[in-house]
>>> print(open('input.pdb').read())   # PDB, C-alpha atoms, pLDDT in the B column
ATOM      1  CA  MET C 291       5.067  19.042  -1.404  1.00 44.00           C
ATOM      2  CA  ASN C 292       1.927  19.530  -3.472  1.00 46.00           C
ATOM      3  CA  HIS C 293       2.569  20.041  -7.176  1.00 43.00           C
ATOM      4  CA  ALA C 294      -1.068  19.694  -8.218  1.00 47.00           C
ATOM      5  CA  SER C 295      -1.560  23.392  -8.879  1.00 52.00           C
ATOM      6  CA  THR C 296       1.620  23.822 -10.950  1.00 72.00           C
ATOM      7  CA  GLY C 297       1.948  20.593 -12.920  1.00 87.00           C
ATOM      8  CA  VAL C 298       0.763  19.240 -16.243  1.00 92.00           C
ATOM      9  CA  GLN C 299      -1.689  16.342 -16.236  1.00 94.00           C
ATOM     10  CA  MET C 300      -0.515  13.336 -18.300  1.00 94.00           C
ATOM     11  CA  GLU C 301      -1.302   9.637 -18.678  1.00 97.00           C
ATOM     12  CA  LEU C 302       1.991   7.753 -18.173  1.00 97.00           C
ATOM     13  CA  PRO C 303       2.943   4.069 -18.369  1.00 97.00           C
ATOM     14  CA  THR C 304       3.168   2.668 -14.837  1.00 97.00           C
ATOM     15  CA  ALA C 305       6.328   0.786 -15.834  1.00 95.00           C
ATOM     16  CA  ASP C 306       8.047   4.138 -16.505  1.00 95.00           C
ATOM     17  CA  LEU C 307       7.378   5.532 -13.020  1.00 96.00           C
ATOM     18  CA  VAL C 308      10.061   5.385 -10.315  1.00 93.00           C
ATOM     19  CA  PHE C 309       9.161   5.017  -6.655  1.00 92.00           C
ATOM     20  CA  GLY C 310      10.079   8.103  -4.654  1.00 91.00           C
ATOM     21  CA  VAL C 311       9.987   5.965  -1.512  1.00 84.00           C
ATOM     22  CA  SER C 312      11.118   2.358  -1.651  1.00 77.00           C
ATOM     23  CA  ARG C 313      10.172   0.112   1.232  1.00 75.00           C
ATOM     24  CA  PRO C 314      11.883  -3.274   1.495  1.00 74.00           C
ATOM     25  CA  GLN C 315       9.883  -6.302   2.585  1.00 73.00           C
ATOM     26  CA  ILE C 316      11.355  -6.136   6.085  1.00 80.00           C
ATOM     27  CA  TRP C 317       9.703  -2.707   6.547  1.00 78.00           C
ATOM     28  CA  TRP C 318       6.293  -4.161   5.648  1.00 75.00           C
ATOM     29  CA  ASP C 319       6.935  -7.107   8.010  1.00 80.00           C
ATOM     30  CA  GLU C 320       7.669  -4.687  10.863  1.00 86.00           C
ATOM     31  CA  HIS C 321       4.612  -2.475  10.113  1.00 82.00           C
ATOM     32  CA  PRO C 322       1.662  -4.794   9.429  1.00 85.00           C
ATOM     33  CA  GLU C 323      -0.839  -1.975  10.038  1.00 86.00           C
ATOM     34  CA  PHE C 324       0.385  -0.295   6.845  1.00 85.00           C
ATOM     35  CA  ARG C 325      -0.143  -3.524   4.901  1.00 86.00           C
ATOM     36  CA  VAL C 326      -3.849  -3.299   5.836  1.00 90.00           C
ATOM     37  CA  VAL C 327      -3.975   0.309   4.594  1.00 89.00           C
ATOM     38  CA  PHE C 328      -2.232  -0.682   1.356  1.00 90.00           C
ATOM     39  CA  GLU C 329      -4.636  -3.556   0.747  1.00 92.00           C
ATOM     40  CA  GLY C 330      -7.539  -1.121   1.180  1.00 94.00           C
ATOM     41  CA  ILE C 331      -5.975   1.221  -1.388  1.00 93.00           C
ATOM     42  CA  ARG C 332      -5.487  -1.655  -3.830  1.00 95.00           C
ATOM     43  CA  GLU C 333      -9.059  -2.868  -3.395  1.00 96.00           C
ATOM     44  CA  SER C 334     -10.422   0.649  -3.909  1.00 96.00           C
ATOM     45  CA  ILE C 335      -8.457   1.073  -7.138  1.00 96.00           C
ATOM     46  CA  LYS C 336      -9.601  -2.360  -8.285  1.00 96.00           C
ATOM     47  CA  THR C 337     -13.281  -1.615  -7.710  1.00 96.00           C
ATOM     48  CA  VAL C 338     -13.672   2.134  -8.414  1.00 96.00           C
ATOM     49  CA  GLY C 339     -10.410   3.210 -10.040  1.00 95.00           C
ATOM     50  CA  MET C 340      -7.859   5.734  -8.912  1.00 93.00           C
ATOM     51  CA  LYS C 341      -9.559   8.818  -7.473  1.00 92.00           C
ATOM     52  CA  LYS C 342      -6.581  11.217  -7.528  1.00 94.00           C
ATOM     53  CA  PRO C 343      -3.668  11.440  -9.957  1.00 96.00           C
ATOM     54  CA  LEU C 344      -0.176  10.558  -8.839  1.00 96.00           C
ATOM     55  CA  GLU C 345       2.094  13.559  -8.339  1.00 95.00           C
ATOM     56  CA  VAL C 346       5.421  13.059 -10.095  1.00 96.00           C
ATOM     57  CA  THR C 347       8.550  15.047 -10.861  1.00 95.00           C
ATOM     58  CA  LEU C 348      10.390  14.634 -14.149  1.00 93.00           C
ATOM     59  CA  CYS C 349      14.053  14.285 -13.276  1.00 90.00           C
ATOM     60  CA  PRO C 350      16.396  14.177 -16.312  1.00 87.00           C
ATOM     61  CA  GLU C 351      18.678  11.581 -14.685  1.00 88.00           C
ATOM     62  CA  LYS C 352      16.043   9.226 -13.257  1.00 89.00           C
ATOM     63  CA  GLY C 353      12.789   9.787 -15.157  1.00 93.00           C
ATOM     64  CA  TYR C 354       9.365  10.238 -13.575  1.00 95.00           C
ATOM     65  CA  ILE C 355       9.711  10.030  -9.783  1.00 95.00           C
ATOM     66  CA  VAL C 356       6.547   9.629  -7.720  1.00 93.00           C
ATOM     67  CA  ASP C 357       6.371  12.290  -5.009  1.00 93.00           C
ATOM     68  CA  VAL C 358       2.825  11.525  -3.847  1.00 92.00           C
ATOM     69  CA  GLY C 359       1.137   8.189  -4.467  1.00 92.00           C
ATOM     70  CA  ASN C 360       3.772   5.472  -4.061  1.00 91.00           C
ATOM     71  CA  GLN C 361       1.285   3.022  -2.543  1.00 91.00           C
ATOM     72  CA  ARG C 362      -1.170   3.747  -5.354  1.00 93.00           C
ATOM     73  CA  LEU C 363       1.600   3.074  -7.884  1.00 94.00           C
ATOM     74  CA  GLN C 364       2.352  -0.261  -6.231  1.00 92.00           C
ATOM     75  CA  ALA C 365      -1.350  -1.138  -6.310  1.00 94.00           C
ATOM     76  CA  LEU C 366      -1.551  -0.249 -10.027  1.00 96.00           C
ATOM     77  CA  LEU C 367       1.457  -2.462 -10.737  1.00 94.00           C
ATOM     78  CA  ASP C 368       0.024  -5.324  -8.654  1.00 94.00           C
ATOM     79  CA  LEU C 369      -3.267  -5.077 -10.555  1.00 97.00           C
ATOM     80  CA  GLY C 370      -1.549  -4.991 -13.949  1.00 97.00           C
ATOM     81  CA  ILE C 371      -2.904  -1.542 -14.802  1.00 97.00           C
ATOM     82  CA  PRO C 372      -0.628  -0.244 -17.562  1.00 98.00           C
ATOM     83  CA  THR C 373      -1.079   3.523 -17.203  1.00 97.00           C
ATOM     84  CA  ALA C 374      -1.706   6.112 -14.507  1.00 97.00           C
ATOM     85  CA  LEU C 375      -3.000   9.645 -14.580  1.00 97.00           C
ATOM     86  CA  CYS C 376      -0.218  11.868 -13.219  1.00 97.00           C
ATOM     87  CA  ILE C 377       0.412  15.505 -12.476  1.00 96.00           C
ATOM     88  CA  VAL C 378       3.953  16.133 -13.709  1.00 95.00           C
ATOM     89  CA  THR C 379       6.369  18.872 -12.729  1.00 87.00           C
ATOM     90  CA  LYS C 380       9.968  19.289 -13.895  1.00 78.00           C
ATOM     91  CA  ILE C 381      13.067  19.847 -11.807  1.00 61.00           C
TER
END
>>> encode(input="input.pdb", output="structure tokens")
Amino acid sequence: MNHASTGVQMELPTADLVFGVSRPQIWWDEHPEFRVVFEGIRESIKTVGMKKPLEVTLCPEKGYIVDVGNQRLQALLDLGIPTALCIVTKI
């Protein structure tokens, strides 16, 4: 689902964002090829910044849920980056 054309662009605290997809450590252990992809994403954000905003939905019960960009959110958190540019839609 691509909300980019209908959402509002906002800078949000990364700590306030909720993962739309949560992957336990066992998933990463069983899919090491995705760990390599994630590390590339993290390194790219570290060196050049985030190229595309996260796409999030504002859900009254849960807050800002990341629809597109969960790995980028994890990289931002790992790097200690306090905010993220997001495109926000409401339910």
>>> resolve_selection(input="input.pdb", expression="the PyMOL selection byres ((chain C and resi 368) around 12)", output="PyMOL selection string")
chain C and resi 304-305+328-329+331-333+335-336+361-367+369-372
>>> closest_residue(input="input.pdb", among="C:Thr337, C:Gln315, C:Thr296, C:Asn360", to="Lys380 in chain C", atoms="all atoms listed in the file")
C:Thr296
>>> atom_distance(input="input.pdb", atom1="CA of Ile355 in chain C", atom2="CA of Pro343 in chain C")
13.5 Å
>>> resolve_selection(input="input.pdb", expression="the PyMOL selection byres ((chain C and resi 301) around 8)", output="MDAnalysis selection string")
chainID C and resid 299:300 302:303 373:376
>>> atom_distance(input="input.pdb", atom1="CA of Lys341 in chain C", atom2="CA of Phe309 in chain C")
19.1 Å
>>> atom_distance(input="input.pdb", atom1="CA of Ser312 in chain C", atom2="CA of Val346 in chain C")
14.8 Å
>>> axis_aligned_box(input="input.pdb", around="range 308-326 of chain C", padding_each_side="4 Å", output="AutoDock Vina command-line options")
--center_x 4.0 --center_y 0.5 --center_z 0.3 --size_x 23.7 --size_y 23.2 --size_z 29.2
>>> resolve_selection(input="input.pdb", expression="the PyMOL selection byres ((chain C and resi 358) around 6)", output="PyMOL selection string")
chain C and resi 344-345+356-357+359
